[in-house]
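**Q** Input structure: input-v6.txt, which contains compact mmCIF, N, CA and C atoms.
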```txt
# COMPACT_ATOMS: atom_id res chain seq x y z
N MET E 1 0.84 -1.18 0.00
CA MET E 1 0.00 0.00 0.00
C MET E 1 0.88 1.24 0.00
N PRO E 2 1.10 1.81 -1.16
CA PRO E 2 1.87 3.05 -1.19
C PRO E 2 1.09 4.23 -0.59
N LEU E 3 1.81 5.09 0.08
CA LEU E 3 1.26 6.35 0.57
C LEU E 3 1.82 7.43 -0.34
N VAL E 4 0.95 8.14 -1.03
CA VAL E 4 1.36 9.11 -2.05
C VAL E 4 1.08 10.53 -1.55
N HIS E 5 2.13 11.32 -1.46
CA HIS E 5 2.02 12.75 -1.16
C HIS E 5 2.24 13.50 -2.46
N ILE E 6 1.31 14.39 -2.79
CA ILE E 6 1.37 15.17 -4.02
C ILE E 6 1.47 16.64 -3.63
N TYR E 7 2.56 17.28 -4.04
CA TYR E 7 2.79 18.69 -3.71
C TYR E 7 2.75 19.52 -4.99
N LEU E 8 1.99 20.62 -4.94
CA LEU E 8 1.92 21.54 -6.07
C LEU E 8 1.49 22.91 -5.57
N LYS E 9 1.68 23.91 -6.43
CA LYS E 9 1.24 25.26 -6.07
C LYS E 9 -0.27 25.30 -6.05
N GLU E 10 -0.80 26.06 -5.11
CA GLU E 10 -2.26 26.17 -4.99
C GLU E 10 -2.85 26.88 -6.21
N GLY E 11 -4.13 26.60 -6.42
CA GLY E 11 -4.86 27.32 -7.46
C GLY E 11 -5.41 26.47 -8.59
N LYS E 12 -5.09 25.19 -8.62
CA LYS E 12 -5.62 24.33 -9.68
C LYS E 12 -7.05 23.93 -9.35
N PRO E 13 -7.90 23.78 -10.38
CA PRO E 13 -9.29 23.36 -10.12
C PRO E 13 -9.35 21.92 -9.62
N ASN E 14 -10.46 21.59 -8.98
CA ASN E 14 -10.64 20.24 -8.44
C ASN E 14 -10.55 19.16 -9.51
N THR E 15 -11.02 19.47 -10.73
CA THR E 15 -10.95 18.48 -11.80
C THR E 15 -9.49 18.14 -12.12
N TYR E 16 -8.61 19.13 -12.09
CA TYR E 16 -7.17 18.93 -12.33
C TYR E 16 -6.60 18.04 -11.23
N LEU E 17 -6.93 18.35 -9.98
CA LEU E 17 -6.42 17.57 -8.85
C LEU E 17 -6.93 16.13 -8.91
N GLN E 18 -8.18 15.95 -9.28
CA GLN E 18 -8.75 14.60 -9.41
C GLN E 18 -8.03 13.82 -10.50
N ASP E 19 -7.85 14.44 -11.67
CA ASP E 19 -7.15 13.77 -12.78
C ASP E 19 -5.71 13.45 -12.41
N LEU E 20 -5.04 14.36 -11.73
CA LEU E 20 -3.67 14.16 -11.29
C LEU E 20 -3.58 12.92 -10.40
N GLY E 21 -4.41 12.86 -9.38
CA GLY E 21 -4.41 11.71 -8.48
C GLY E 21 -4.80 10.42 -9.18
N ASP E 22 -5.79 10.49 -10.05
CA ASP E 22 -6.24 9.29 -10.77
C ASP E 22 -5.13 8.74 -11.67
N LYS E 23 -4.41 9.60 -12.35
CA LYS E 23 -3.35 9.15 -13.26
C LYS E 23 -2.15 8.61 -12.50
N ILE E 24 -1.84 9.18 -11.35
CA ILE E 24 -0.77 8.62 -10.52
C ILE E 24 -1.16 7.20 -10.11
N HIS E 25 -2.40 7.04 -9.68
CA HIS E 25 -2.86 5.71 -9.26
C HIS E 25 -2.89 4.74 -10.45
N GLN E 26 -3.31 5.21 -11.61
CA GLN E 26 -3.33 4.36 -12.80
C GLN E 26 -1.91 3.87 -13.13
N ALA E 27 -0.94 4.78 -13.07
CA ALA E 27 0.45 4.39 -13.35
C ALA E 27 0.93 3.35 -12.34
N LEU E 28 0.56 3.50 -11.07
CA LEU E 28 0.93 2.52 -10.05
C LEU E 28 0.26 1.17 -10.32
N MET E 29 -1.00 1.18 -10.73
CA MET E 29 -1.70 -0.07 -11.03
C MET E 29 -1.05 -0.78 -12.21
N GLU E 30 -0.71 -0.01 -13.24
CA GLU E 30 -0.12 -0.60 -14.45
C GLU E 30 1.29 -1.13 -14.22
N THR E 31 2.09 -0.43 -13.45
CA THR E 31 3.51 -0.78 -13.34
C THR E 31 3.86 -1.56 -12.08
N TRP E 32 3.07 -1.42 -11.02
CA TRP E 32 3.34 -2.13 -9.77
C TRP E 32 2.26 -3.15 -9.45
N GLU E 33 1.31 -3.32 -10.37
CA GLU E 33 0.20 -4.25 -10.20
C GLU E 33 -0.57 -3.99 -8.91
N LEU E 34 -0.77 -2.72 -8.63
CA LEU E 34 -1.53 -2.31 -7.45
C LEU E 34 -3.02 -2.54 -7.69
N PRO E 35 -3.77 -3.01 -6.70
CA PRO E 35 -5.22 -3.14 -6.88
C PRO E 35 -5.87 -1.76 -6.97
N GLU E 36 -7.01 -1.71 -7.62
CA GLU E 36 -7.70 -0.43 -7.82
C GLU E 36 -8.08 0.23 -6.50
N ASN E 37 -8.45 -0.55 -5.51
CA ASN E 37 -8.90 0.03 -4.23
C ASN E 37 -7.75 0.31 -3.26
N ASP E 38 -6.52 0.15 -3.69
CA ASP E 38 -5.34 0.40 -2.84
C ASP E 38 -4.82 1.81 -3.11
N LYS E 39 -5.63 2.79 -2.74
CA LYS E 39 -5.33 4.19 -3.05
C LYS E 39 -5.30 5.01 -1.77
N LEU E 40 -4.14 5.60 -1.49
CA LEU E 40 -3.97 6.45 -0.32
C LEU E 40 -3.13 7.65 -0.76
N GLN E 41 -3.79 8.78 -0.98
CA GLN E 41 -3.14 9.98 -1.49
C GLN E 41 -3.48 11.18 -0.63
N ILE E 42 -2.48 12.04 -0.46
CA ILE E 42 -2.69 13.30 0.23
C ILE E 42 -2.16 14.40 -0.67
N ILE E 43 -3.02 15.36 -0.99
CA ILE E 43 -2.63 16.47 -1.86
C ILE E 43 -2.30 17.68 -0.99
N HIS E 44 -1.12 18.21 -1.20
CA HIS E 44 -0.63 19.37 -0.46
C HIS E 44 -0.51 20.55 -1.43
N GLU E 45 -1.42 21.50 -1.33
CA GLU E 45 -1.33 22.71 -2.16
C GLU E 45 -0.56 23.77 -1.37
N LYS E 46 0.43 24.34 -2.02
CA LYS E 46 1.31 25.30 -1.34
C LYS E 46 1.23 26.68 -1.98
N LYS E 47 1.40 27.71 -1.16
CA LYS E 47 1.51 29.07 -1.69
C LYS E 47 2.78 29.14 -2.53
N ALA E 48 2.78 29.99 -3.53
CA ALA E 48 3.93 30.12 -4.43
C ALA E 48 5.22 30.39 -3.67
N GLU E 49 5.15 31.23 -2.64
CA GLU E 49 6.38 31.56 -1.90
C GLU E 49 6.88 30.40 -1.03
N HIS E 50 6.05 29.38 -0.85
CA HIS E 50 6.46 28.21 -0.07
C HIS E 50 6.83 27.03 -0.95
N PHE E 51 6.88 27.24 -2.24
CA PHE E 51 7.15 26.17 -3.19
C PHE E 51 8.38 26.59 -3.99
N ARG E 52 9.54 26.20 -3.53
CA ARG E 52 10.81 26.65 -4.11
C ARG E 52 11.48 25.50 -4.85
N ILE E 53 11.22 25.43 -6.12
CA ILE E 53 11.75 24.39 -6.98
C ILE E 53 12.55 25.04 -8.10
N ASN E 54 13.79 24.60 -8.28
CA ASN E 54 14.63 25.13 -9.35
C ASN E 54 13.99 24.86 -10.71
N ARG E 55 14.00 25.84 -11.57
CA ARG E 55 13.40 25.69 -12.91
C ARG E 55 14.19 24.75 -13.81
N HIS E 56 15.47 24.59 -13.53
CA HIS E 56 16.30 23.68 -14.33
C HIS E 56 16.30 22.31 -13.68
N ALA E 57 16.02 21.30 -14.47
CA ALA E 57 15.98 19.93 -13.96
C ALA E 57 17.40 19.47 -13.66
N TYR E 58 17.72 19.33 -12.41
CA TYR E 58 19.04 18.95 -11.94
C TYR E 58 19.46 17.61 -12.53
N LEU E 59 20.67 17.56 -13.09
CA LEU E 59 21.26 16.37 -13.68
C LEU E 59 20.47 15.81 -14.87
N GLU E 60 19.64 16.61 -15.46
CA GLU E 60 18.87 16.18 -16.63
C GLU E 60 19.32 16.96 -17.85
N ASP E 61 18.61 16.77 -18.94
CA ASP E 61 18.93 17.47 -20.18
C ASP E 61 18.98 18.97 -19.95
N GLU E 62 19.92 19.61 -20.59
CA GLU E 62 20.07 21.07 -20.45
C GLU E 62 18.78 21.80 -20.83
N GLY E 63 18.05 21.26 -21.79
CA GLY E 63 16.85 21.94 -22.26
C GLY E 63 15.62 21.74 -21.38
N ALA E 64 15.69 20.85 -20.41
CA ALA E 64 14.53 20.58 -19.56
C ALA E 64 14.28 21.77 -18.64
N GLN E 65 13.13 22.37 -18.77
CA GLN E 65 12.75 23.53 -17.96
C GLN E 65 11.44 23.25 -17.23
N ARG E 66 11.47 23.46 -15.94
CA ARG E 66 10.24 23.35 -15.17
C ARG E 66 9.50 24.68 -15.22
N THR E 67 8.20 24.62 -14.98
CA THR E 67 7.38 25.82 -14.95
C THR E 67 6.68 25.89 -13.59
N ASP E 68 5.76 26.81 -13.45
CA ASP E 68 4.97 26.93 -12.22
C ASP E 68 4.06 25.72 -12.01
N ASP E 69 3.92 24.88 -13.02
CA ASP E 69 3.06 23.70 -12.92
C ASP E 69 3.77 22.47 -12.35
N VAL E 70 5.01 22.62 -11.90
CA VAL E 70 5.74 21.48 -11.38
C VAL E 70 4.97 20.79 -10.25
N VAL E 71 5.02 19.47 -10.26
CA VAL E 71 4.37 18.64 -9.25
C VAL E 71 5.43 17.73 -8.64
N VAL E 72 5.49 17.71 -7.32
CA VAL E 72 6.42 16.83 -6.61
C VAL E 72 5.59 15.70 -6.00
N ILE E 73 5.97 14.48 -6.34
CA ILE E 73 5.23 13.30 -5.89
C ILE E 73 6.18 12.47 -5.04
N GLN E 74 5.83 12.27 -3.79
CA GLN E 74 6.65 11.45 -2.90
C GLN E 74 5.83 10.23 -2.50
N ILE E 75 6.40 9.05 -2.76
CA ILE E 75 5.70 7.80 -2.53
C ILE E 75 6.46 6.98 -1.49
N THR E 76 5.78 6.65 -0.40
CA THR E 76 6.33 5.74 0.58
C THR E 76 5.71 4.37 0.30
N THR E 77 6.57 3.36 0.14
CA THR E 77 6.09 2.05 -0.27
C THR E 77 6.94 0.94 0.32
N SER E 78 6.40 -0.26 0.33
CA SER E 78 7.19 -1.44 0.62
C SER E 78 8.17 -1.63 -0.54
N PRO E 79 9.19 -2.43 -0.38
CA PRO E 79 10.22 -2.56 -1.43
C PRO E 79 9.64 -2.86 -2.82
N ARG E 80 10.22 -2.18 -3.80
CA ARG E 80 9.89 -2.36 -5.22
C ARG E 80 11.19 -2.60 -5.97
N THR E 81 11.10 -3.27 -7.10
CA THR E 81 12.30 -3.53 -7.89
C THR E 81 12.67 -2.30 -8.70
N ILE E 82 13.91 -2.28 -9.16
CA ILE E 82 14.35 -1.18 -10.03
C ILE E 82 13.49 -1.15 -11.29
N LYS E 83 13.17 -2.30 -11.85
CA LYS E 83 12.34 -2.35 -13.06
C LYS E 83 10.96 -1.76 -12.81
N GLN E 84 10.37 -2.05 -11.66
CA GLN E 84 9.06 -1.48 -11.34
C GLN E 84 9.15 0.04 -11.24
N LYS E 85 10.20 0.53 -10.58
CA LYS E 85 10.35 1.98 -10.43
C LYS E 85 10.61 2.64 -11.78
N GLN E 86 11.46 2.05 -12.61
CA GLN E 86 11.73 2.61 -13.93
C GLN E 86 10.46 2.65 -14.78
N ALA E 87 9.68 1.59 -14.73
CA ALA E 87 8.43 1.54 -15.50
C ALA E 87 7.48 2.64 -15.02
N PHE E 88 7.39 2.84 -13.71
CA PHE E 88 6.53 3.89 -13.18
C PHE E 88 7.03 5.27 -13.63
N TYR E 89 8.35 5.51 -13.52
CA TYR E 89 8.92 6.80 -13.93
C TYR E 89 8.62 7.10 -15.40
N ARG E 90 8.61 6.08 -16.25
CA ARG E 90 8.31 6.28 -17.68
C ARG E 90 6.82 6.49 -17.93
N ARG E 91 5.99 5.68 -17.28
CA ARG E 91 4.55 5.71 -17.57
C ARG E 91 3.85 6.94 -17.02
N LEU E 92 4.21 7.36 -15.83
CA LEU E 92 3.51 8.49 -15.20
C LEU E 92 3.52 9.76 -16.04
N PRO E 93 4.67 10.23 -16.52
CA PRO E 93 4.64 11.46 -17.33
C PRO E 93 3.81 11.33 -18.60
N GLU E 94 3.77 10.12 -19.19
CA GLU E 94 2.93 9.90 -20.37
C GLU E 94 1.46 10.14 -20.04
N LEU E 95 1.01 9.54 -18.94
CA LEU E 95 -0.39 9.68 -18.54
C LEU E 95 -0.74 11.11 -18.18
N LEU E 96 0.16 11.80 -17.48
CA LEU E 96 -0.12 13.17 -17.06
C LEU E 96 -0.10 14.13 -18.25
N LYS E 97 0.75 13.88 -19.22
CA LYS E 97 0.78 14.71 -20.44
C LYS E 97 -0.54 14.55 -21.20
N GLU E 98 -1.00 13.29 -21.34
CA GLU E 98 -2.24 13.01 -22.06
C GLU E 98 -3.47 13.59 -21.36
N SER E 99 -3.53 13.48 -20.04
CA SER E 99 -4.76 13.85 -19.34
C SER E 99 -4.85 15.32 -18.95
N ILE E 100 -3.76 15.89 -18.42
CA ILE E 100 -3.84 17.28 -17.94
C ILE E 100 -2.83 18.19 -18.62
N GLY E 101 -2.11 17.67 -19.63
CA GLY E 101 -1.17 18.50 -20.38
C GLY E 101 0.08 18.86 -19.60
N LEU E 102 0.41 18.10 -18.57
CA LEU E 102 1.57 18.40 -17.75
C LEU E 102 2.85 17.96 -18.46
N SER E 103 3.78 18.88 -18.60
CA SER E 103 5.06 18.58 -19.24
C SER E 103 5.83 17.56 -18.42
N PRO E 104 6.47 16.58 -19.05
CA PRO E 104 7.29 15.61 -18.31
C PRO E 104 8.38 16.26 -17.46
N ALA E 105 8.86 17.43 -17.85
CA ALA E 105 9.87 18.14 -17.05
C ALA E 105 9.30 18.61 -15.72
N ASN E 106 7.97 18.67 -15.61
CA ASN E 106 7.31 19.13 -14.39
C ASN E 106 6.88 18.00 -13.46
N VAL E 107 7.30 16.77 -13.77
CA VAL E 107 6.93 15.61 -12.96
C VAL E 107 8.17 15.17 -12.17
N PHE E 108 8.19 15.48 -10.90
CA PHE E 108 9.31 15.19 -10.00
C PHE E 108 8.85 14.11 -9.03
N VAL E 109 9.54 12.97 -9.01
CA VAL E 109 9.11 11.83 -8.19
C VAL E 109 10.23 11.41 -7.25
N ASN E 110 9.86 11.09 -6.02
CA ASN E 110 10.77 10.55 -5.02
C ASN E 110 10.09 9.36 -4.38
N ILE E 111 10.79 8.22 -4.37
CA ILE E 111 10.23 7.00 -3.79
C ILE E 111 11.03 6.63 -2.55
N LEU E 112 10.32 6.44 -1.45
CA LEU E 112 10.92 6.01 -0.19
C LEU E 112 10.45 4.60 0.09
N MET E 113 11.37 3.67 0.27
CA MET E 113 10.98 2.29 0.55
C MET E 113 11.17 1.98 2.02
N VAL E 114 10.16 1.35 2.58
CA VAL E 114 10.18 0.92 3.98
C VAL E 114 9.82 -0.56 4.04
N ASP E 115 10.13 -1.18 5.15
CA ASP E 115 9.83 -2.60 5.32
C ASP E 115 8.36 -2.81 5.67
N GLU E 116 7.91 -4.05 5.52
CA GLU E 116 6.51 -4.38 5.80
C GLU E 116 6.13 -4.06 7.24
N GLU E 117 7.06 -4.20 8.17
CA GLU E 117 6.72 -3.93 9.57
C GLU E 117 6.56 -2.45 9.87
N ASP E 118 6.82 -1.60 8.89
CA ASP E 118 6.72 -0.15 9.09
C ASP E 118 5.32 0.40 8.80
N TRP E 119 4.36 -0.47 8.57
CA TRP E 119 3.00 -0.04 8.24
C TRP E 119 2.01 -0.46 9.32
N CYS E 120 1.28 0.51 9.83
CA CYS E 120 0.12 0.25 10.67
C CYS E 120 -1.03 1.01 10.00
N LEU E 121 -1.97 0.29 9.46
CA LEU E 121 -3.08 0.91 8.74
C LEU E 121 -4.31 1.06 9.61
N GLY E 122 -4.10 0.93 10.90
CA GLY E 122 -5.19 1.10 11.85
C GLY E 122 -5.31 -0.11 12.77
N LEU E 123 -6.12 0.05 13.78
CA LEU E 123 -6.44 -1.00 14.75
C LEU E 123 -5.23 -1.48 15.54
N GLY E 124 -4.14 -0.69 15.54
CA GLY E 124 -2.97 -1.05 16.32
C GLY E 124 -2.25 -2.29 15.83
N LYS E 125 -2.42 -2.62 14.54
CA LYS E 125 -1.82 -3.84 13.99
C LYS E 125 -0.69 -3.50 13.02
N MET E 126 0.28 -4.39 12.97
CA MET E 126 1.35 -4.32 11.98
C MET E 126 0.75 -4.95 10.71
N THR E 127 -0.02 -4.19 9.99
CA THR E 127 -0.94 -4.68 8.98
C THR E 127 -0.32 -5.62 7.96
N LEU E 128 0.74 -5.23 7.30
CA LEU E 128 1.30 -6.06 6.23
C LEU E 128 1.90 -7.35 6.78
N ILE E 129 2.53 -7.30 7.93
CA ILE E 129 3.12 -8.49 8.54
C ILE E 129 2.01 -9.46 8.97
N GLU E 130 1.00 -8.93 9.63
CA GLU E 130 -0.07 -9.78 10.14
C GLU E 130 -0.93 -10.35 9.01
N LYS E 131 -1.05 -9.64 7.90
CA LYS E 131 -1.82 -10.14 6.75
C LYS E 131 -1.07 -11.25 6.01
N LEU E 132 0.28 -11.15 6.01
CA LEU E 132 1.09 -12.13 5.28
C LEU E 132 1.26 -13.45 6.03
N ARG E 133 1.00 -13.45 7.32
CA ARG E 133 1.21 -14.68 8.12
C ARG E 133 -0.05 -15.45 8.31
```
Would it be possible to restate this file's structure as structure tokens?
**A**
Amino acid sequence: MPLVHIYLKEGKPNTYLQDLGDKIHQALMETWELPENDKLQIIHEKKAEHFRINRHAYLEDEGAQRTDDVVVIQITTSPRTIKQKQAFYRRLPELLKESIGLSPANVFVNILMVDEEDWCLGLGKMTLIEKLR
């Protein structure tokens, strides 16, 4: 069960936010074989002065330029393979470009991997460990 934090500048309409979240989840379902109902997202809208992202994509193509539409996506998940992460990194910008017109240069992703025992989804249980046994 990935926990997805989505950070962007405030001011986008609800339809944009809905499409953004839906496409992130679609990319996770396609590349990580996530079930449709395994969706946990938190959208953080920030004031422009609190959203300080360099316009030049660090360590990327010289021509890659970010705009005010940059979105930072941080995903906390149980371990994933490099192939799964690469597939997600490729698929997500495609879906976001098609659905909301977001430039691939504006899609910034960070994945944090934690162990199964690091999840408590409620009821005071070590959910993933107790479900697997």
**Q** Got a sec: who's within 6.5 Å of segment 20-27 of chain E, counting only N, CA and C atoms, leaving out chain neighbours fewer than 3 positions off, as a list in words?
**A** Thr15, Tyr16, Leu17, Glu30, Thr31, Trp32, Phe88, Arg91, Leu92, Leu95 and Leu96 of chain E
**Q** Report the distance between atom C of Thr67 of chain E and atom N of Glu98 of chain E in Å, rounded to one decimal place.
**A**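 Rounded to one decimal, the two atoms are 16.7 Å apart.
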**Q** Just asking: which residues within chain E are helix (DSSP H, G or I) according to DSSP, as a ChimeraX atom specification?
**A** /E:14-32,48-50,82-100,104-106,116-118,127-132
**Q** Between atom N of Met29 of chain E and atom N of Val114 of chain E, what is the distance, to one decimal in Å?
**A** 17.4 Å
**Q** Between E:Asn14, E:Asp19, E:Arg52, E:Glu45, which has the minimum distance to Ser99 of chain E (counting all atoms listed in the file)?
**A** E:Asp19
**Q** Quick one: distance from atom CA of Asn110 of chain E to atom N of Ile53 of chain E in Å, one decimal?
**A** 14.9 Å
**Q** Give the answer as one residue: which of E:Val4, E:Glu130, E:Ala87, E:Ile111 has the shortest atom-to-atom distance to Ile42 of chain E, using only N, CA and C atoms?
**A**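 Of all the options, E:Val4 lies closest to Ile42 of chain E.
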**Q** Nearest residue to Leu28 of chain E out of E:Ile43, E:Ile129, E:Ile75, E:Leu121, using only C-alpha atoms?
**A**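 Between E:Ile43, E:Ile129, E:Ile75, E:Leu121, the residue approaching Leu28 of chain E most closely is E:Ile75.
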**Q** Tell me which of E:Ile6, E:Ile82, E:Val72, E:Ala64 sits closest to His44 of chain E, counting only C-alpha atoms.
**A**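 Under the stated criterion, the closest residue is E:Ile6.
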